[in-house]
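Chemist: Here you go, this is upload12.txt (compact mmCIF, C-alpha atoms and all ligand atoms).
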```
# COMPACT_ATOMS: atom_id res chain seq x y z
CA MET A 1 -24.06 -9.65 6.05
CA ARG A 2 -21.60 -7.29 7.65
CA LYS A 3 -20.51 -4.11 5.97
CA ARG A 4 -16.77 -3.56 6.24
CA TYR A 5 -15.03 -0.27 6.90
CA LEU A 6 -11.36 0.39 6.33
CA MET A 7 -10.11 2.96 8.82
CA THR A 8 -6.36 2.46 8.62
CA PRO A 9 -3.81 5.08 7.52
CA GLY A 10 -3.09 3.02 4.41
CA PRO A 11 -4.55 1.26 2.64
CA THR A 12 -7.52 3.59 2.61
CA PRO A 13 -11.03 3.26 1.12
CA VAL A 14 -11.35 3.68 -2.64
CA PRO A 15 -14.35 5.65 -3.99
CA ALA A 16 -16.70 3.94 -6.43
CA GLU A 17 -15.76 6.48 -9.13
CA VAL A 18 -12.16 5.31 -8.91
CA LEU A 19 -13.00 1.60 -8.76
CA LEU A 20 -15.15 1.94 -11.85
CA ALA A 21 -12.50 3.86 -13.75
CA GLN A 22 -10.03 1.09 -12.94
CA ALA A 23 -12.42 -1.60 -14.07
CA ARG A 24 -12.27 -0.43 -17.68
CA PRO A 25 -10.68 -2.83 -20.19
CA ILE A 26 -6.93 -2.32 -20.48
CA ILE A 27 -5.77 0.07 -23.13
CA HIS A 28 -2.30 -0.01 -24.62
CA HIS A 29 0.14 2.40 -23.02
CA ARG A 30 1.81 3.49 -26.26
CA THR A 31 -1.26 5.29 -27.49
CA ALA A 32 -2.41 8.89 -27.70
CA GLU A 33 -5.27 7.95 -25.37
CA PHE A 34 -2.99 6.79 -22.58
CA SER A 35 -0.54 9.67 -23.09
CA GLY A 36 -3.43 12.10 -22.77
CA ILE A 37 -4.42 10.53 -19.45
CA LEU A 38 -0.82 10.60 -18.24
CA GLU A 39 -0.49 14.25 -19.19
CA GLN A 40 -3.63 15.16 -17.23
CA VAL A 41 -2.49 13.07 -14.25
CA THR A 42 0.88 14.85 -14.25
CA THR A 43 -0.79 18.26 -14.34
CA ASP A 44 -3.13 17.35 -11.48
CA LEU A 45 -0.31 15.85 -9.41
CA LYS A 46 1.65 19.09 -9.78
CA TYR A 47 -1.32 20.87 -8.25
CA ILE A 48 -1.55 18.38 -5.38
CA PHE A 49 2.22 18.61 -4.75
CA GLN A 50 2.13 22.40 -5.29
CA THR A 51 5.07 22.30 -7.67
CA ARG A 52 5.99 23.46 -11.13
CA ASN A 53 8.10 20.33 -11.68
CA GLU A 54 6.93 17.04 -13.14
CA VAL A 55 5.63 14.38 -10.77
CA MET A 56 6.87 10.93 -11.76
CA THR A 57 4.93 7.73 -11.15
CA PHE A 58 6.39 4.28 -10.56
CA ALA A 59 4.75 0.92 -10.08
CA ALA A 60 5.76 0.45 -6.45
CA SER A 61 4.52 0.97 -2.94
CA GLY A 62 5.61 4.09 -1.08
CA THR A 63 8.89 2.51 -0.02
CA GLY A 64 9.89 2.28 -3.68
CA ALA A 65 9.67 6.06 -3.87
CA MET A 66 11.77 6.37 -0.70
CA GLU A 67 14.39 4.04 -2.16
CA SER A 68 14.38 5.87 -5.49
CA ALA A 69 15.40 9.12 -3.78
CA VAL A 70 18.44 7.45 -2.23
CA ALA A 71 19.50 5.69 -5.44
CA ASN A 72 19.02 8.69 -7.75
CA LEU A 73 20.57 11.56 -5.83
CA PHE A 74 23.53 10.15 -3.92
CA SER A 75 26.78 8.24 -4.23
CA ARG A 76 28.36 5.65 -1.97
CA GLY A 77 29.89 7.27 1.11
CA ASP A 78 27.90 10.51 0.83
CA LYS A 79 27.19 12.07 4.18
CA VAL A 80 23.51 12.63 4.92
CA VAL A 81 21.38 13.54 7.92
CA VAL A 82 18.42 11.32 8.76
CA ALA A 83 16.03 12.80 11.30
CA SER A 84 13.72 10.06 12.54
CA ASN A 85 10.90 10.03 15.06
CA GLY A 86 9.05 6.88 14.10
CA LYS A 87 8.94 3.79 11.95
CA PHE A 88 9.16 5.53 8.59
CA GLY A 89 12.02 7.81 9.57
CA GLU A 90 13.84 4.67 10.68
CA ARG A 91 13.14 3.24 7.23
CA PHE A 92 15.07 6.14 5.70
CA ALA A 93 17.94 5.31 8.06
CA GLU A 94 17.86 1.67 6.92
CA LEU A 95 17.70 2.64 3.24
CA THR A 96 20.64 5.04 3.44
CA GLN A 97 22.59 2.30 5.19
CA ALA A 98 21.63 -0.29 2.58
CA TYR A 99 23.04 1.98 -0.15
CA GLY A 100 26.28 2.68 1.71
CA LEU A 101 25.66 6.32 2.58
CA GLU A 102 27.24 7.69 5.71
CA ALA A 103 24.21 8.67 7.75
CA ILE A 104 24.27 11.01 10.70
CA ASN A 105 21.18 9.84 12.54
CA ILE A 106 19.21 12.24 14.71
CA LYS A 107 16.80 10.02 16.57
CA TYR A 108 13.84 11.15 18.61
CA ASP A 109 11.54 9.08 20.77
CA TRP A 110 8.46 7.93 18.92
CA GLY A 111 5.79 10.57 19.50
CA LYS A 112 8.23 13.49 19.69
CA MET A 113 8.59 16.01 16.87
CA VAL A 114 11.76 16.52 14.85
CA VAL A 115 13.46 19.72 16.06
CA PRO A 116 14.46 21.75 12.96
CA GLN A 117 17.33 23.44 14.84
CA ASP A 118 18.97 20.05 15.40
CA ILE A 119 19.25 19.71 11.62
CA GLU A 120 20.58 23.25 11.37
CA VAL A 121 23.34 22.43 13.87
CA LYS A 122 24.44 19.35 11.91
CA LEU A 123 24.46 21.24 8.61
CA ALA A 124 26.42 24.15 10.10
CA ALA A 125 29.01 21.77 11.52
CA ASP A 126 29.69 19.94 8.26
CA SER A 127 29.57 21.50 4.81
CA GLU A 128 30.02 18.06 3.21
CA ILE A 129 26.47 16.92 4.03
CA LYS A 130 24.67 16.08 0.79
CA GLY A 131 21.17 15.32 1.96
CA VAL A 132 18.58 15.56 4.73
CA PHE A 133 15.87 12.93 5.09
CA VAL A 134 12.71 13.52 7.07
CA VAL A 135 9.13 12.25 7.26
CA HIS A 136 6.33 14.82 7.04
CA SER A 137 3.39 12.93 8.57
CA GLU A 138 4.86 10.08 10.66
CA THR A 139 2.13 7.48 10.27
CA SER A 140 3.42 5.26 13.08
CA THR A 141 2.81 7.97 15.70
CA GLY A 142 0.47 10.54 14.10
CA VAL A 143 3.15 13.22 14.51
CA LEU A 144 3.36 16.00 11.95
CA ASN A 145 6.86 17.40 11.53
CA ASP A 146 7.45 21.05 10.70
CA ILE A 147 8.67 20.54 7.14
CA LYS A 148 8.26 24.20 6.26
CA ALA A 149 10.76 25.22 8.95
CA ILE A 150 13.15 22.45 7.88
CA GLY A 151 12.89 23.60 4.25
CA GLU A 152 13.80 27.11 5.33
CA ILE A 153 16.98 25.75 6.96
CA VAL A 154 18.12 23.35 4.24
CA LYS A 155 17.54 25.76 1.32
CA ASP A 156 20.74 27.73 1.97
CA HIS A 157 22.88 24.61 2.14
CA GLN A 158 24.11 22.31 -0.64
CA ALA A 159 22.13 19.39 0.87
CA VAL A 160 18.91 18.29 -0.78
CA LEU A 161 15.86 17.85 1.44
CA VAL A 162 14.08 14.54 0.92
CA VAL A 163 10.55 14.47 2.35
CA ASP A 164 8.38 11.42 2.84
CA SER A 165 4.93 12.99 2.65
CA ILE A 166 3.29 9.66 1.97
CA THR A 167 0.45 10.34 4.43
CA GLY A 168 0.91 14.10 4.27
CA ILE A 169 -0.05 14.71 0.64
CA GLY A 170 -3.80 15.17 0.37
CA ALA A 171 -4.30 15.38 4.14
CA VAL A 172 -2.23 18.31 5.38
CA GLU A 173 -0.78 21.43 3.81
CA LEU A 174 2.33 20.92 1.73
CA LYS A 175 3.79 23.45 -0.71
CA MET A 176 6.73 21.79 -2.36
CA ASP A 177 8.12 24.83 -4.22
CA ASP A 178 7.29 27.56 -1.70
CA TRP A 179 8.72 25.49 1.14
CA HIS A 180 11.95 24.65 -0.79
CA LEU A 181 11.47 20.89 -0.64
CA ASP A 182 13.74 18.98 -3.03
CA VAL A 183 12.13 15.57 -3.16
CA VAL A 184 8.52 14.89 -2.20
CA MET A 185 6.82 11.54 -2.46
CA THR A 186 3.55 9.80 -1.79
CA GLY A 187 1.96 6.40 -2.34
CA SER A 188 -1.35 5.57 -3.97
CA GLN A 189 -2.99 3.77 -1.02
CA LYS A 190 -2.99 6.82 1.24
CA GLY A 191 -4.46 10.27 0.55
CA LEU A 192 -4.81 9.61 -3.17
CA MET A 193 -7.70 7.18 -2.52
CA LEU A 194 -6.33 4.40 -4.74
CA PRO A 195 -5.45 0.75 -4.22
CA PRO A 196 -1.79 0.10 -3.31
CA GLY A 197 0.81 -0.11 -6.06
CA LEU A 198 1.70 3.35 -7.30
CA ALA A 199 4.40 5.68 -6.01
CA CYS A 200 4.61 9.36 -6.99
CA VAL A 201 7.76 11.48 -6.69
CA ALA A 202 8.67 15.03 -7.64
CA ILE A 203 12.12 16.59 -7.57
CA SER A 204 13.32 20.21 -7.51
CA ASP A 205 15.95 21.76 -9.79
CA LYS A 206 18.43 21.47 -6.94
CA ALA A 207 17.69 17.73 -6.69
CA ALA A 208 18.00 17.46 -10.48
CA ARG A 209 21.56 18.81 -10.15
CA ALA A 210 22.32 16.23 -7.45
CA MET A 211 20.99 13.60 -9.83
CA GLU A 212 23.69 14.55 -12.38
CA THR A 213 26.52 13.56 -10.03
CA SER A 214 24.96 10.50 -8.39
CA THR A 215 26.80 7.24 -9.07
CA LEU A 216 24.65 4.75 -7.15
CA PRO A 217 23.17 2.04 -9.37
CA LYS A 218 19.60 2.50 -10.59
CA TYR A 219 17.66 1.27 -13.56
CA TYR A 220 13.90 0.82 -13.21
CA PHE A 221 13.71 3.71 -10.74
CA SER A 222 15.94 6.06 -12.77
CA TYR A 223 14.60 9.61 -12.51
CA LYS A 224 16.49 10.52 -15.67
CA SER A 225 14.64 7.90 -17.70
CA ALA A 226 11.30 8.75 -16.12
CA LEU A 227 11.70 12.49 -16.67
CA LYS A 228 12.94 12.03 -20.23
CA ALA A 229 9.85 9.96 -21.09
CA LEU A 230 7.52 12.37 -19.31
CA ARG A 231 9.02 15.38 -21.15
CA LYS A 232 8.48 13.97 -24.63
CA ALA A 233 6.06 15.86 -26.88
CA VAL A 234 3.72 12.95 -26.26
CA PRO A 235 4.36 12.11 -22.57
CA THR A 236 4.97 8.49 -21.70
CA THR A 237 6.76 6.18 -19.27
CA PRO A 238 10.02 4.26 -19.88
CA PHE A 239 8.40 0.89 -19.14
CA THR A 240 4.89 -0.52 -19.04
CA PRO A 241 3.03 1.59 -16.46
CA PRO A 242 0.31 0.22 -14.15
CA VAL A 243 -2.32 1.37 -16.64
CA SER A 244 -5.37 0.70 -14.45
CA LEU A 245 -3.88 2.51 -11.46
CA ILE A 246 -3.00 5.54 -13.59
CA ILE A 247 -6.55 5.62 -14.93
CA GLY A 248 -7.88 5.26 -11.38
CA LEU A 249 -5.56 8.07 -10.33
CA SER A 250 -6.97 10.35 -13.00
CA ALA A 251 -10.46 9.77 -11.55
CA ALA A 252 -9.25 10.35 -7.97
CA LEU A 253 -7.41 13.52 -8.94
CA LYS A 254 -10.50 14.79 -10.72
CA MET A 255 -12.42 14.39 -7.45
CA MET A 256 -9.70 16.22 -5.53
CA ARG A 257 -9.53 19.00 -8.11
CA GLU A 258 -13.29 19.45 -7.96
CA GLU A 259 -13.29 19.62 -4.16
CA GLY A 260 -10.28 21.95 -4.26
CA LEU A 261 -7.01 21.18 -2.47
CA GLU A 262 -7.69 23.69 0.28
CA ASN A 263 -11.06 22.09 1.00
CA VAL A 264 -9.56 18.61 0.94
CA ILE A 265 -7.11 19.72 3.62
CA LYS A 266 -9.82 21.50 5.62
CA ARG A 267 -11.98 18.37 5.52
CA HIS A 268 -9.12 16.29 6.90
CA SER A 269 -8.43 18.79 9.62
CA LEU A 270 -12.08 18.75 10.68
CA LEU A 271 -12.27 14.94 10.64
CA ALA A 272 -9.09 14.79 12.74
CA GLU A 273 -10.43 17.36 15.19
CA ALA A 274 -13.72 15.48 15.63
CA THR A 275 -11.82 12.21 16.13
CA ARG A 276 -9.56 13.77 18.78
CA LYS A 277 -12.45 15.37 20.65
CA GLY A 278 -14.41 12.12 20.46
CA LEU A 279 -11.56 10.03 21.83
CA GLU A 280 -10.84 12.51 24.62
CA ALA A 281 -14.51 12.59 25.61
CA MET A 282 -14.28 8.82 26.04
CA GLY A 283 -11.52 9.37 28.58
CA LEU A 284 -8.67 8.43 26.25
CA TRP A 285 -5.29 10.15 25.97
CA LEU A 286 -4.05 11.17 22.54
CA PHE A 287 -0.58 9.98 21.64
CA ALA A 288 0.76 12.81 19.45
CA PRO A 289 1.76 16.17 20.96
CA GLU A 290 -0.72 19.02 20.54
CA LYS A 291 1.64 21.11 18.41
CA GLY A 292 2.36 18.40 15.89
CA ARG A 293 -0.66 16.33 15.03
CA SER A 294 -1.25 14.95 11.57
CA SER A 295 -4.75 15.08 10.09
CA ALA A 296 -4.14 11.68 8.46
CA VAL A 297 -4.28 9.47 11.52
CA THR A 298 -5.13 9.81 15.21
CA PRO A 299 -3.37 7.47 17.61
CA ALA A 300 -4.52 7.16 21.21
CA TRP A 301 -3.21 5.28 24.23
CA VAL A 302 -5.06 2.13 25.09
CA PRO A 303 -6.56 2.66 28.60
CA ASP A 304 -4.73 1.00 31.51
CA GLY A 305 -5.66 -2.60 32.07
CA ILE A 306 -7.10 -3.07 28.59
CA ASP A 307 -5.52 -5.26 25.95
CA GLY A 308 -4.87 -3.09 22.88
CA LYS A 309 -4.82 -6.06 20.56
CA ALA A 310 -8.32 -6.98 21.78
CA VAL A 311 -9.54 -3.48 20.87
CA VAL A 312 -8.42 -3.88 17.26
CA LYS A 313 -9.73 -7.45 17.12
CA ILE A 314 -13.23 -6.70 18.47
CA MET A 315 -13.52 -3.62 16.25
CA LYS A 316 -12.83 -5.78 13.23
CA GLU A 317 -14.62 -9.01 14.09
CA LYS A 318 -17.69 -7.68 15.82
CA TYR A 319 -18.19 -4.35 14.09
CA GLY A 320 -16.46 -4.79 10.72
CA ILE A 321 -14.18 -1.80 11.27
CA THR A 322 -10.47 -2.19 10.62
CA ILE A 323 -8.32 0.26 12.58
CA ALA A 324 -4.56 -0.01 13.04
CA GLY A 325 -2.74 -1.08 16.16
CA GLY A 326 0.62 0.28 17.28
CA GLN A 327 3.80 -0.68 15.45
CA SER A 328 7.03 -2.06 16.94
CA HIS A 329 7.32 -1.27 20.67
CA LEU A 330 3.91 0.46 20.63
CA ALA A 331 2.09 -2.74 19.62
CA GLY A 332 -0.81 -3.28 22.02
CA LYS A 333 -0.19 0.10 23.68
CA ILE A 334 -1.78 2.45 21.18
CA PHE A 335 -4.32 2.12 18.41
CA ARG A 336 -4.48 4.32 15.35
CA PHE A 337 -7.66 5.66 13.79
CA GLY A 338 -7.07 6.44 10.12
CA HIS A 339 -9.09 9.19 8.43
CA LEU A 340 -7.07 9.77 5.33
CA GLY A 341 -8.44 10.06 1.80
CA TYR A 342 -12.02 9.07 1.09
CA PHE A 343 -13.45 9.95 4.52
CA ASP A 344 -16.45 11.94 5.58
CA ARG A 345 -18.14 12.83 8.88
CA PHE A 346 -20.18 9.67 9.26
CA ASP A 347 -17.15 7.46 8.88
CA ILE A 348 -15.81 9.14 12.00
CA ILE A 349 -19.13 8.92 13.87
CA GLY A 350 -19.44 5.23 13.00
CA GLY A 351 -15.85 4.47 13.95
CA LEU A 352 -16.19 6.22 17.29
CA ALA A 353 -19.50 4.45 18.00
CA ALA A 354 -17.88 1.05 17.41
CA LEU A 355 -14.96 2.03 19.61
CA GLU A 356 -17.35 3.03 22.40
CA MET A 357 -19.05 -0.36 22.27
CA THR A 358 -15.70 -2.15 22.10
CA LEU A 359 -14.16 -0.29 25.05
CA THR A 360 -17.33 -0.74 27.12
CA GLU A 361 -17.20 -4.48 26.50
CA LEU A 362 -13.56 -4.49 27.62
CA GLY A 363 -14.41 -2.72 30.87
CA HIS A 364 -13.37 0.89 30.21
CA LYS A 365 -15.67 3.17 32.25
CA PHE A 366 -17.19 6.18 30.51
CA GLU A 367 -20.63 7.29 29.38
CA LEU A 368 -21.72 5.50 26.22
CA GLY A 369 -22.32 8.09 23.50
CA SER A 370 -19.92 10.68 24.90
CA GLY A 371 -17.38 10.26 22.10
CA VAL A 372 -19.99 10.39 19.36
CA LYS A 373 -21.57 13.44 20.98
CA ALA A 374 -18.28 15.32 21.11
CA ALA A 375 -17.60 14.55 17.45
CA GLU A 376 -21.11 15.62 16.46
CA GLN A 377 -20.56 18.91 18.25
CA VAL A 378 -17.38 19.56 16.25
CA PHE A 379 -19.23 18.81 13.02
CA MET A 380 -22.23 20.96 13.94
CA GLU A 381 -20.03 23.94 14.83
CA ASN A 382 -18.42 23.66 11.45
CA ALA A 383 -21.42 22.72 9.30
CA LYS A 384 -21.92 24.91 6.27
C1 LIG A 401 2.66 3.98 4.10
C2 LIG A 401 3.89 4.76 4.35
C3 LIG A 401 5.09 4.50 3.67
C4 LIG A 401 5.26 3.47 2.61
O1 LIG A 401 4.86 2.22 2.94
P1 LIG A 401 4.56 1.17 1.78
O2 LIG A 401 4.04 0.01 2.54
O3 LIG A 401 5.83 0.91 1.09
O4 LIG A 401 3.57 1.81 0.86
C5 LIG A 401 6.17 5.32 3.93
N1 LIG A 401 6.10 6.35 4.77
C6 LIG A 401 4.97 6.64 5.44
C7 LIG A 401 4.95 7.81 6.35
C8 LIG A 401 3.83 5.87 5.24
O5 LIG A 401 2.69 6.17 5.87
```
Output the file's structure as structure tokens, nothing else.

Modeler:
Amino acid sequence: MRKRYLMTPGPTPVPAEVLLAQARPIIHHRTAEFSGILEQVTTDLKYIFQTRNEVMTFAASGTGAMESAVANLFSRGDKVVVASNGKFGERFAELTQAYGLEAINIKYDWGKMVVPQDIEVKLAADSEIKGVFVVHSETSTGVLNDIKAIGEIVKDHQAVLVVDSITGIGAVELKMDDWHLDVVMTGSQKGLMLPPGLACVAISDKAARAMETSTLPKYYFSYKSALKALRKAVPTTPFTPPVSLIIGLSAALKMMREEGLENVIKRHSLLAEATRKGLEAMGLWLFAPEKGRSSAVTPAWVPDGIDGKAVVKIMKEKYGITIAGGQSHLAGKIFRFGHLGYFDRFDIIGGLAALEMTLTELGHKFELGSGVKAAEQVFMENAK
């Protein structure tokens, strides 16, 4: 027998409470029982998104939510700014292109942070710009972009700010309303501790106005239909919702509510800090810049002379721990340690221990136990 651990930044482990809630026999969605669950889920999601507006749910992965923002708020030929510094920012660029928007792409090297002033310059130069797209926690690189500063810039402009916080929500601070964010989205298999398959999106009043003039085609992902159904006296969804996932979500949100959002974020920040200290103590270099590190995932450079793909393979096959490798041109060069969602201290300790054994086997020279020790010290300093 080998116990398996999922330590990727999506999908993430699902707590037993959530699995059990999802295992219940299917109930019909046009019932008071389901509407009651949906109403509670919407209330809890507003808390997690820190917004007064409704949070819509769609049966889709996170990319469905990204696509829905393009289709619902824009028209063919609209000028938009896409600031990208990793794989998911590039996805926004591809999506805006697929829908015939005229994108002004601001591209940064993977691992660099988006510079808010660069967006400011573009907006100041062109009053026609209708939207700004940016990723909050760039999962491909572990970089956390300064969304608050970007919100401060975009709020005085007609453009709507679309934020992919798919691995930000539930891991790092995000205040949708206070930060003037117009569209915020997440996916179920990340910080929400659910299986894949559910996308959540909220829009501001400013985005709702953009929705009124959008002429791009949409049907299943129509925000108007979703909001209309959600605003009924008995809230519902336009089409059959993924009933089990919504019920699982209600259990996951209950756990998050009980822990308290601030504590959820503090826990992630501590887990990230212990991971970073552990990796550094093993002689590894962290990939993301010190000023902009996400608490969702910690990428590190694979040491010189070591095959990064072998690291991921040995971790999985010998120790039962699935971590993520690098994406695109970073494949084999970095590995990514996910600690997003249902994670606690001993997940980190165990993951670091397996990494120590793996790197030792591959010939990396350091003192066995040094990473675990450094992580333990972070946890002991912060133990309540
Ligand atoms: C996971 C993720 C997505 C969505 O990916 P899906 O595979 O469609 O769920 C988008 N953006 C970021 C930053 C992500 O981490």

Chemist: With a distance cut-off of 9 Å and all atoms listed in the file, select the neighbouring residues of stretch 246-256 of chain A, excluding the residue or stretch itself and same-chain residues fewer than 5 positions from it, and output the selection as a PyMOL selection string.

Modeler: chain A and resi 14-15+17-24+34+37-38+40-41+44-45+48+57+170+188+192-195+198+241+261+263-264

Chemist: Tell me, in Å to one decimal, how far atom CA of A:Ala60 is from atom CA of A:Ser222.

Modeler: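 Computed distance, atom CA of A:Ala60 to atom CA of A:Ser222, equals 13.2 Å.
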
Chemist: Could you jot down the atom CA of A:Phe88 to atom CA of A:Ala207 separation for me, Å, one decimal place?

Modeler: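 Distance reported for this atom pair: 21.3 Å.
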
Chemist: Pick out the closest residue to A:Thr298 from this set: A:Ala354, A:Leu73, A:Ala274, A:Ala310. Count only C-alpha atoms.

Modeler: A:Ala274

Chemist: Would you name the residues within 10 Å of ligand LIG 401 (chain A), counting only C-alpha atoms and all ligand atoms, and put them as a PyMOL selection string?

Modeler: chain A and resi 9-11+60-67+86-92+134-143+163-168+185-191+196-199+296-297

Chemist: Might you pull out every residue within 10 Å of A:Ala375, with all atoms listed in the file counted and same-chain residues fewer than 4 positions away left off, and present them as a list in words?

Modeler: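 Residues meeting the cut-off are Leu270, Leu271, Ala272, Glu273, Ala274, Thr275, Arg276, Lys277, Gly278, Leu279, Ala281, Arg345, Phe346, Ile348, Ile349, Leu352, Ser370, Gly371, Phe379 and Met380 of chain A.
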
Chemist: Looking at all atoms listed in the file, which of A:Val234, A:Ala59, A:Ile150, A:Val81 is the one that sits closest to A:Ile129?

Modeler: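 Of A:Val234, A:Ala59, A:Ile150, A:Val81, the one nearest A:Ile129, counting all atoms listed in the file, is A:Val81.
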
Chemist: Identify which of the residues A:Leu330, A:Leu174, A:Ile106, A:Met56 lies closest to A:Glu39, counting only C-alpha atoms when measuring atom-to-atom distances.

Modeler: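 Comparing A:Leu330, A:Leu174, A:Ile106, A:Met56 against A:Glu39, the winner is A:Met56.
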
Chemist: Would you work out the distance separating atom CA of A:Tyr47 from atom CA of A:Thr236, expressed in Å to one decimal?

Modeler: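 Between atom CA of A:Tyr47 and atom CA of A:Thr236 the gap works out to 19.3 Å.
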
Chemist: Please provide as a list in words all residues within 10 Å of A:Ser127, with the sequence filter that same-chain residues fewer than 2 positions apart are discarded (counting only C-alpha atoms).

Modeler: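 Surrounding residues, per the criterion: Lys79, Lys122, Leu123, Ala124, Ala125, Ile129, Lys130, His157, Gln158 and Ala159 of chain A.
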